[in-house]
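> Below is the file query-v1.cif, which contains mmCIF, N, CA and C atoms.
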```cif
data_my_file
#
loop_
_atom_site.label_atom_id
_atom_site.label_comp_id
_atom_site.auth_asym_id
_atom_site.auth_seq_id
_atom_site.Cartn_x
_atom_site.Cartn_y
_atom_site.Cartn_z
N MET A 1 -18.49 -2.94 6.05
CA MET A 1 -17.05 -2.85 6.17
C MET A 1 -16.42 -4.23 6.08
N LYS A 2 -17.01 -5.20 6.75
CA LYS A 2 -16.46 -6.56 6.71
C LYS A 2 -16.52 -7.12 5.30
N LYS A 3 -17.62 -6.84 4.59
CA LYS A 3 -17.76 -7.34 3.22
C LYS A 3 -16.70 -6.72 2.32
N PHE A 4 -16.42 -5.43 2.51
CA PHE A 4 -15.41 -4.74 1.72
C PHE A 4 -14.03 -5.35 1.96
N MET A 5 -13.67 -5.55 3.24
CA MET A 5 -12.38 -6.14 3.58
C MET A 5 -12.29 -7.57 3.06
N LEU A 6 -13.35 -8.32 3.21
CA LEU A 6 -13.37 -9.70 2.76
C LEU A 6 -13.17 -9.76 1.25
N PHE A 7 -13.83 -8.86 0.52
CA PHE A 7 -13.68 -8.86 -0.92
C PHE A 7 -12.24 -8.56 -1.32
N LEU A 8 -11.64 -7.52 -0.71
CA LEU A 8 -10.24 -7.20 -1.03
C LEU A 8 -9.34 -8.39 -0.75
N LEU A 9 -9.58 -9.05 0.36
CA LEU A 9 -8.79 -10.21 0.72
C LEU A 9 -8.96 -11.32 -0.30
N LEU A 10 -10.20 -11.58 -0.69
CA LEU A 10 -10.45 -12.63 -1.68
C LEU A 10 -9.82 -12.32 -3.02
N MET A 11 -9.84 -11.05 -3.43
CA MET A 11 -9.20 -10.67 -4.69
C MET A 11 -7.71 -10.94 -4.65
N LEU A 12 -7.09 -10.65 -3.52
CA LEU A 12 -5.66 -10.88 -3.40
C LEU A 12 -5.35 -12.37 -3.34
N PHE A 13 -6.17 -13.13 -2.64
CA PHE A 13 -5.96 -14.58 -2.58
C PHE A 13 -6.14 -15.22 -3.95
N ALA A 14 -7.01 -14.66 -4.77
CA ALA A 14 -7.28 -15.23 -6.08
C ALA A 14 -6.04 -15.24 -6.96
N LEU A 15 -5.11 -14.38 -6.68
CA LEU A 15 -3.88 -14.34 -7.46
C LEU A 15 -2.87 -15.38 -6.98
N GLY A 16 -3.15 -16.10 -5.94
CA GLY A 16 -2.23 -17.13 -5.46
C GLY A 16 -1.74 -16.83 -4.06
N ASN A 17 -0.78 -17.58 -3.61
CA ASN A 17 -0.16 -17.37 -2.29
C ASN A 17 1.05 -16.50 -2.51
N PHE A 18 1.11 -15.37 -1.84
CA PHE A 18 2.04 -14.31 -2.20
C PHE A 18 3.11 -13.97 -1.12
N ALA A 19 4.56 -13.45 -1.54
CA ALA A 19 5.61 -13.01 -0.56
C ALA A 19 6.92 -12.40 -1.10
N GLN A 20 7.65 -11.43 -0.40
CA GLN A 20 9.02 -10.90 -0.68
C GLN A 20 9.39 -9.72 0.21
N ASN A 21 10.53 -9.07 -0.04
CA ASN A 21 11.13 -8.05 0.82
C ASN A 21 10.18 -6.92 1.18
N ILE A 22 9.72 -6.88 2.44
CA ILE A 22 8.82 -5.83 2.90
C ILE A 22 9.57 -4.50 3.02
N ASP A 23 10.86 -4.57 3.32
CA ASP A 23 11.62 -3.35 3.59
C ASP A 23 11.85 -2.50 2.35
N LYS A 24 11.72 -3.02 1.16
CA LYS A 24 11.92 -2.25 -0.06
C LYS A 24 10.60 -1.70 -0.54
N LYS A 25 10.54 -0.40 -0.76
CA LYS A 25 9.33 0.23 -1.27
C LYS A 25 9.42 0.31 -2.79
N CYS A 26 8.29 0.18 -3.42
CA CYS A 26 8.20 0.28 -4.87
C CYS A 26 7.93 1.72 -5.25
N THR A 27 8.36 2.09 -6.44
CA THR A 27 8.07 3.43 -6.94
C THR A 27 6.99 3.34 -8.00
N THR A 28 6.24 4.40 -8.16
CA THR A 28 5.17 4.40 -9.14
C THR A 28 5.64 4.90 -10.49
N SER A 29 6.90 5.28 -10.61
CA SER A 29 7.39 5.85 -11.86
C SER A 29 7.78 4.80 -12.88
N ASP A 30 7.89 3.54 -12.47
CA ASP A 30 8.26 2.50 -13.41
C ASP A 30 7.19 2.33 -14.48
N VAL A 31 7.61 2.10 -15.71
CA VAL A 31 6.68 1.90 -16.81
C VAL A 31 6.82 0.48 -17.31
N LEU A 32 5.70 -0.23 -17.45
CA LEU A 32 5.74 -1.62 -17.88
C LEU A 32 6.25 -1.76 -19.30
N GLY A 33 5.83 -0.90 -20.20
CA GLY A 33 6.28 -0.97 -21.58
C GLY A 33 5.71 -2.19 -22.29
N PRO A 34 6.27 -2.51 -23.46
CA PRO A 34 5.72 -3.61 -24.25
C PRO A 34 6.27 -4.97 -23.82
N VAL A 35 5.92 -5.41 -22.62
CA VAL A 35 6.34 -6.72 -22.14
C VAL A 35 5.12 -7.58 -21.85
N LYS A 36 5.32 -8.87 -21.83
CA LYS A 36 4.23 -9.81 -21.64
C LYS A 36 3.78 -9.82 -20.17
N VAL A 37 2.48 -9.88 -19.97
CA VAL A 37 1.89 -10.01 -18.65
C VAL A 37 1.11 -11.32 -18.64
N PHE A 38 1.48 -12.21 -17.73
CA PHE A 38 0.83 -13.51 -17.62
C PHE A 38 -0.35 -13.43 -16.65
N VAL A 39 -1.29 -14.35 -16.83
CA VAL A 39 -2.40 -14.47 -15.90
C VAL A 39 -2.20 -15.71 -15.04
N MET A 40 -1.71 -16.77 -15.62
CA MET A 40 -1.39 -18.01 -14.90
C MET A 40 0.06 -18.38 -15.22
N VAL A 41 0.82 -18.71 -14.18
CA VAL A 41 2.21 -19.10 -14.35
C VAL A 41 2.51 -20.32 -13.50
N ASP A 42 3.70 -20.90 -13.71
CA ASP A 42 4.12 -22.08 -12.95
C ASP A 42 4.11 -21.79 -11.45
N LYS A 43 4.66 -20.64 -11.08
CA LYS A 43 4.73 -20.25 -9.67
C LYS A 43 4.12 -18.85 -9.55
N MET A 44 2.95 -18.78 -8.89
CA MET A 44 2.26 -17.51 -8.75
C MET A 44 2.99 -16.62 -7.74
N PRO A 45 2.82 -15.28 -7.85
CA PRO A 45 3.43 -14.37 -6.86
C PRO A 45 2.96 -14.72 -5.45
N GLN A 46 3.79 -14.40 -4.47
CA GLN A 46 3.45 -14.68 -3.07
C GLN A 46 3.64 -13.44 -2.23
N PHE A 47 2.70 -13.21 -1.31
CA PHE A 47 2.79 -12.08 -0.39
C PHE A 47 3.81 -12.40 0.70
N PRO A 48 4.60 -11.40 1.17
CA PRO A 48 5.58 -11.66 2.23
C PRO A 48 4.93 -12.24 3.48
N GLY A 49 5.34 -13.42 3.88
CA GLY A 49 4.81 -14.05 5.08
C GLY A 49 3.59 -14.91 4.83
N GLY A 50 3.14 -14.98 3.59
CA GLY A 50 2.03 -15.85 3.24
C GLY A 50 0.65 -15.24 3.49
N ASP A 51 -0.35 -16.10 3.46
CA ASP A 51 -1.74 -15.66 3.57
C ASP A 51 -2.05 -14.99 4.90
N ALA A 52 -1.48 -15.50 5.98
CA ALA A 52 -1.74 -14.91 7.30
C ALA A 52 -1.22 -13.47 7.36
N ALA A 53 -0.05 -13.24 6.77
CA ALA A 53 0.51 -11.88 6.76
C ALA A 53 -0.31 -10.96 5.87
N LEU A 54 -0.84 -11.49 4.78
CA LEU A 54 -1.70 -10.69 3.91
C LEU A 54 -2.97 -10.28 4.65
N LEU A 55 -3.56 -11.20 5.35
CA LEU A 55 -4.76 -10.89 6.13
C LEU A 55 -4.45 -9.83 7.19
N GLU A 56 -3.33 -9.98 7.87
CA GLU A 56 -2.93 -9.00 8.89
C GLU A 56 -2.71 -7.63 8.25
N TYR A 57 -2.06 -7.60 7.10
CA TYR A 57 -1.83 -6.35 6.38
C TYR A 57 -3.16 -5.67 6.04
N MET A 58 -4.10 -6.46 5.53
CA MET A 58 -5.40 -5.92 5.14
C MET A 58 -6.13 -5.34 6.36
N ILE A 59 -6.14 -6.07 7.45
CA ILE A 59 -6.83 -5.61 8.66
C ILE A 59 -6.24 -4.29 9.16
N LYS A 60 -4.91 -4.18 9.12
CA LYS A 60 -4.25 -2.97 9.61
C LYS A 60 -4.36 -1.80 8.64
N THR A 61 -4.48 -2.09 7.35
CA THR A 61 -4.38 -1.04 6.34
C THR A 61 -5.71 -0.46 5.89
N VAL A 62 -6.73 -1.30 5.76
CA VAL A 62 -8.02 -0.80 5.26
C VAL A 62 -8.63 0.19 6.25
N GLN A 63 -8.98 1.35 5.74
CA GLN A 63 -9.67 2.38 6.52
C GLN A 63 -10.99 2.64 5.83
N TYR A 64 -12.04 2.05 6.35
CA TYR A 64 -13.35 2.18 5.71
C TYR A 64 -13.73 3.65 5.66
N PRO A 65 -14.05 4.17 4.49
CA PRO A 65 -14.36 5.60 4.36
C PRO A 65 -15.54 6.03 5.24
N GLU A 66 -15.32 7.10 5.97
CA GLU A 66 -16.35 7.61 6.89
C GLU A 66 -17.63 7.96 6.14
N ASP A 67 -17.49 8.53 4.96
CA ASP A 67 -18.65 8.90 4.15
C ASP A 67 -19.49 7.67 3.82
N ALA A 68 -18.84 6.56 3.47
CA ALA A 68 -19.56 5.32 3.16
C ALA A 68 -20.23 4.76 4.40
N MET A 69 -19.57 4.87 5.55
CA MET A 69 -20.17 4.39 6.80
C MET A 69 -21.44 5.18 7.12
N LYS A 70 -21.36 6.51 7.00
CA LYS A 70 -22.51 7.36 7.31
C LYS A 70 -23.70 7.05 6.40
N LYS A 71 -23.40 6.77 5.13
CA LYS A 71 -24.46 6.50 4.16
C LYS A 71 -24.86 5.03 4.11
N GLY A 72 -24.17 4.19 4.88
CA GLY A 72 -24.48 2.75 4.88
C GLY A 72 -24.11 2.06 3.58
N ILE A 73 -23.11 2.58 2.90
CA ILE A 73 -22.69 2.02 1.61
C ILE A 73 -21.70 0.88 1.85
N GLN A 74 -21.96 -0.22 1.20
CA GLN A 74 -21.03 -1.34 1.25
C GLN A 74 -21.13 -2.09 -0.06
N GLY A 75 -20.15 -2.93 -0.32
CA GLY A 75 -20.16 -3.70 -1.55
C GLY A 75 -18.77 -4.19 -1.88
N LYS A 76 -18.66 -4.81 -3.04
CA LYS A 76 -17.40 -5.39 -3.49
C LYS A 76 -16.78 -4.53 -4.58
N VAL A 77 -15.53 -4.13 -4.37
CA VAL A 77 -14.78 -3.40 -5.37
C VAL A 77 -13.81 -4.40 -5.99
N ILE A 78 -13.90 -4.60 -7.29
CA ILE A 78 -13.00 -5.54 -7.96
C ILE A 78 -11.85 -4.75 -8.54
N VAL A 79 -10.63 -5.12 -8.12
CA VAL A 79 -9.41 -4.45 -8.53
C VAL A 79 -8.48 -5.46 -9.17
N THR A 80 -7.89 -5.10 -10.30
CA THR A 80 -6.85 -5.93 -10.89
C THR A 80 -5.53 -5.20 -10.74
N PHE A 81 -4.44 -5.95 -10.73
CA PHE A 81 -3.11 -5.35 -10.67
C PHE A 81 -2.10 -6.35 -11.20
N VAL A 82 -0.89 -5.87 -11.42
CA VAL A 82 0.19 -6.71 -11.92
C VAL A 82 1.31 -6.73 -10.89
N VAL A 83 1.80 -7.93 -10.56
CA VAL A 83 3.02 -8.06 -9.77
C VAL A 83 4.13 -8.21 -10.79
N VAL A 84 5.00 -7.20 -10.87
CA VAL A 84 6.05 -7.19 -11.88
C VAL A 84 7.25 -8.02 -11.41
N THR A 85 8.24 -8.16 -12.29
CA THR A 85 9.36 -9.07 -12.05
C THR A 85 10.17 -8.75 -10.80
N ASP A 86 10.14 -7.50 -10.32
CA ASP A 86 10.88 -7.18 -9.09
C ASP A 86 9.99 -7.29 -7.85
N GLY A 87 8.73 -7.74 -8.03
CA GLY A 87 7.83 -7.95 -6.90
C GLY A 87 6.93 -6.77 -6.58
N CYS A 88 7.12 -5.64 -7.26
CA CYS A 88 6.27 -4.47 -7.01
C CYS A 88 4.88 -4.68 -7.59
N VAL A 89 3.90 -4.09 -6.93
CA VAL A 89 2.52 -4.10 -7.42
C VAL A 89 2.34 -2.86 -8.27
N LYS A 90 1.92 -3.05 -9.51
CA LYS A 90 1.75 -1.93 -10.45
C LYS A 90 0.41 -2.05 -11.16
N TYR A 91 0.01 -0.96 -11.78
CA TYR A 91 -1.13 -0.92 -12.69
C TYR A 91 -2.44 -1.38 -12.06
N ALA A 92 -2.66 -1.00 -10.80
CA ALA A 92 -3.92 -1.32 -10.13
C ALA A 92 -5.04 -0.54 -10.82
N LYS A 93 -6.15 -1.22 -11.04
CA LYS A 93 -7.27 -0.61 -11.75
C LYS A 93 -8.57 -1.18 -11.22
N VAL A 94 -9.54 -0.32 -10.97
CA VAL A 94 -10.86 -0.77 -10.54
C VAL A 94 -11.58 -1.29 -11.78
N VAL A 95 -11.96 -2.56 -11.72
CA VAL A 95 -12.69 -3.19 -12.81
C VAL A 95 -14.19 -3.01 -12.60
N ARG A 96 -14.62 -3.15 -11.36
CA ARG A 96 -16.02 -2.92 -11.01
C ARG A 96 -16.06 -2.23 -9.66
N GLY A 97 -16.54 -1.01 -9.65
CA GLY A 97 -16.57 -0.24 -8.43
C GLY A 97 -17.94 -0.24 -7.77
N VAL A 98 -17.99 0.39 -6.61
CA VAL A 98 -19.22 0.49 -5.84
C VAL A 98 -19.60 1.97 -5.68
N GLU A 99 -18.68 2.71 -5.14
CA GLU A 99 -18.86 4.13 -4.81
C GLU A 99 -17.46 4.73 -4.88
N PRO A 100 -17.31 5.94 -5.39
CA PRO A 100 -15.96 6.50 -5.54
C PRO A 100 -15.08 6.41 -4.29
N CYS A 101 -15.65 6.63 -3.11
CA CYS A 101 -14.81 6.59 -1.89
C CYS A 101 -14.34 5.16 -1.60
N LEU A 102 -15.18 4.16 -1.84
CA LEU A 102 -14.77 2.76 -1.63
C LEU A 102 -13.76 2.34 -2.70
N ASP A 103 -13.99 2.76 -3.92
CA ASP A 103 -13.06 2.45 -5.02
C ASP A 103 -11.68 3.03 -4.71
N ALA A 104 -11.65 4.26 -4.25
CA ALA A 104 -10.39 4.93 -3.94
C ALA A 104 -9.65 4.21 -2.80
N GLU A 105 -10.39 3.76 -1.80
CA GLU A 105 -9.76 3.04 -0.68
C GLU A 105 -9.18 1.71 -1.15
N ALA A 106 -9.91 1.00 -1.99
CA ALA A 106 -9.41 -0.27 -2.52
C ALA A 106 -8.12 -0.04 -3.30
N LEU A 107 -8.09 0.99 -4.13
CA LEU A 107 -6.87 1.30 -4.90
C LEU A 107 -5.73 1.71 -3.98
N ARG A 108 -6.04 2.49 -2.96
CA ARG A 108 -4.99 2.91 -2.01
C ARG A 108 -4.34 1.71 -1.36
N VAL A 109 -5.16 0.77 -0.89
CA VAL A 109 -4.63 -0.42 -0.22
C VAL A 109 -3.78 -1.24 -1.17
N VAL A 110 -4.27 -1.49 -2.36
CA VAL A 110 -3.53 -2.30 -3.34
C VAL A 110 -2.25 -1.59 -3.77
N ASN A 111 -2.31 -0.30 -4.04
CA ASN A 111 -1.12 0.44 -4.48
C ASN A 111 -0.05 0.54 -3.40
N ASN A 112 -0.41 0.33 -2.15
CA ASN A 112 0.57 0.40 -1.06
C ASN A 112 1.04 -0.97 -0.58
N LEU A 113 0.66 -2.02 -1.28
CA LEU A 113 1.14 -3.35 -0.90
C LEU A 113 2.66 -3.39 -0.97
N PRO A 114 3.30 -4.08 -0.02
CA PRO A 114 4.76 -4.22 -0.10
C PRO A 114 5.13 -5.16 -1.25
N ARG A 115 6.43 -5.23 -1.52
CA ARG A 115 6.91 -6.13 -2.58
C ARG A 115 6.50 -7.56 -2.30
N TRP A 116 6.22 -8.29 -3.36
CA TRP A 116 5.88 -9.71 -3.29
C TRP A 116 7.03 -10.52 -3.85
N ILE A 117 7.03 -11.79 -3.61
CA ILE A 117 7.92 -12.69 -4.34
C ILE A 117 7.30 -12.79 -5.72
N PRO A 118 8.03 -12.41 -6.77
CA PRO A 118 7.42 -12.39 -8.10
C PRO A 118 7.05 -13.78 -8.60
N GLY A 119 6.11 -13.81 -9.53
CA GLY A 119 5.73 -15.06 -10.16
C GLY A 119 6.82 -15.53 -11.10
N GLU A 120 6.82 -16.82 -11.40
CA GLU A 120 7.83 -17.38 -12.29
C GLU A 120 7.20 -18.28 -13.35
N GLN A 121 7.78 -18.22 -14.52
CA GLN A 121 7.41 -19.11 -15.61
C GLN A 121 8.70 -19.75 -16.10
N ASN A 122 8.77 -21.07 -16.03
CA ASN A 122 9.99 -21.80 -16.41
C ASN A 122 11.21 -21.32 -15.63
N GLY A 123 11.00 -20.99 -14.34
CA GLY A 123 12.10 -20.57 -13.47
C GLY A 123 12.55 -19.13 -13.63
N VAL A 124 11.87 -18.36 -14.46
CA VAL A 124 12.25 -16.97 -14.72
C VAL A 124 11.15 -16.04 -14.19
N PRO A 125 11.51 -14.98 -13.42
CA PRO A 125 10.50 -14.05 -12.93
C PRO A 125 9.76 -13.38 -14.11
N VAL A 126 8.45 -13.30 -13.98
CA VAL A 126 7.62 -12.69 -15.02
C VAL A 126 6.57 -11.77 -14.39
N ASN A 127 5.98 -10.92 -15.20
CA ASN A 127 4.89 -10.05 -14.77
C ASN A 127 3.61 -10.88 -14.72
N VAL A 128 2.88 -10.79 -13.60
CA VAL A 128 1.65 -11.58 -13.44
C VAL A 128 0.52 -10.68 -13.00
N GLN A 129 -0.62 -10.81 -13.70
CA GLN A 129 -1.81 -10.06 -13.32
C GLN A 129 -2.67 -10.95 -12.46
#
```
Is it possible to express this structure as structure tokens?

Amino acid sequence: MKKFMLFLLLMLFALGNFAQNIDKKCTTSDVLGPVKVFVMVDKMPQFPGGDAALLEYMIKTVQYPEDAMKKGIQGKVIVTFVVVTDGCVKYAKVVRGVEPCLDAEALRVVNNLPRWIPGEQNGVPVNVQ
């Protein structure tokens, strides 16, 4: 369980230091369409409250699947996602999974992240993976 949480945390940290309006919920109906998605930008997206708040969010949100606990399954689920220009997390996708129940939990946690401060390129908000 600790390895799973640590991996999710590391994946989120890898995208930079993240933050924005927690009170606004994102909808899943938005479509990215034919727009550019950056991987590295001048200012990476930031989670609301910084790294400490992200860690707190992860600790409170991750629910290790009971089935995986019973079977002793653990491992790293690699998830990619895009922080779009309004700060919503979209297009989460498992790149390398472990077990369907762990993969599903990783996607659930990422898909429920609150809005972030969006990334910027040349002072303009952009989509960042």
> Between atom N of Lys36 (chain A) and CA of Asn127 (chain A), what distance in Å does the model show, to one decimal?
7.2 Å
> Spell out the residues picked by the PyMOL selection byres ((chain A and resi 82-99) around 6) here, as a ChimeraX atom specification.
/A:26,76-81,100-104,114-118,125-129
> Between A:Met44, A:Val62, A:Val35, A:Ala52, which is the closest to Arg108 (chain A) once you count only N, CA and C atoms?
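Distance minimum relative to Arg108 (chain A) lands on A:Val62.
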> Mind pulling up the distance from CA of Phe47 (chain A) to CA of Gly75 (chain A)?
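For CA of Gly75 (chain A) relative to CA of Phe47 (chain A), the distance reads 24.5 Å.
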> How many Å separate CA of Leu113 (chain A) from atom C of Val39 (chain A)?
19.1 Å
> Tell me which of A:Pro45, A:Val109, A:Lys71, A:Glu120 sits closest to Met58 (chain A), counting all atoms listed in the file.
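Counting all atoms listed in the file, the residue closest to Met58 (chain A) is A:Val109.
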> Find, counting only N, CA and C atoms, the residue in A:Glu105, A:Val37, A:Gly50, A:Asp42 that gets nearest to Tyr64 (chain A).
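The closest residue to Tyr64 (chain A) is A:Glu105.
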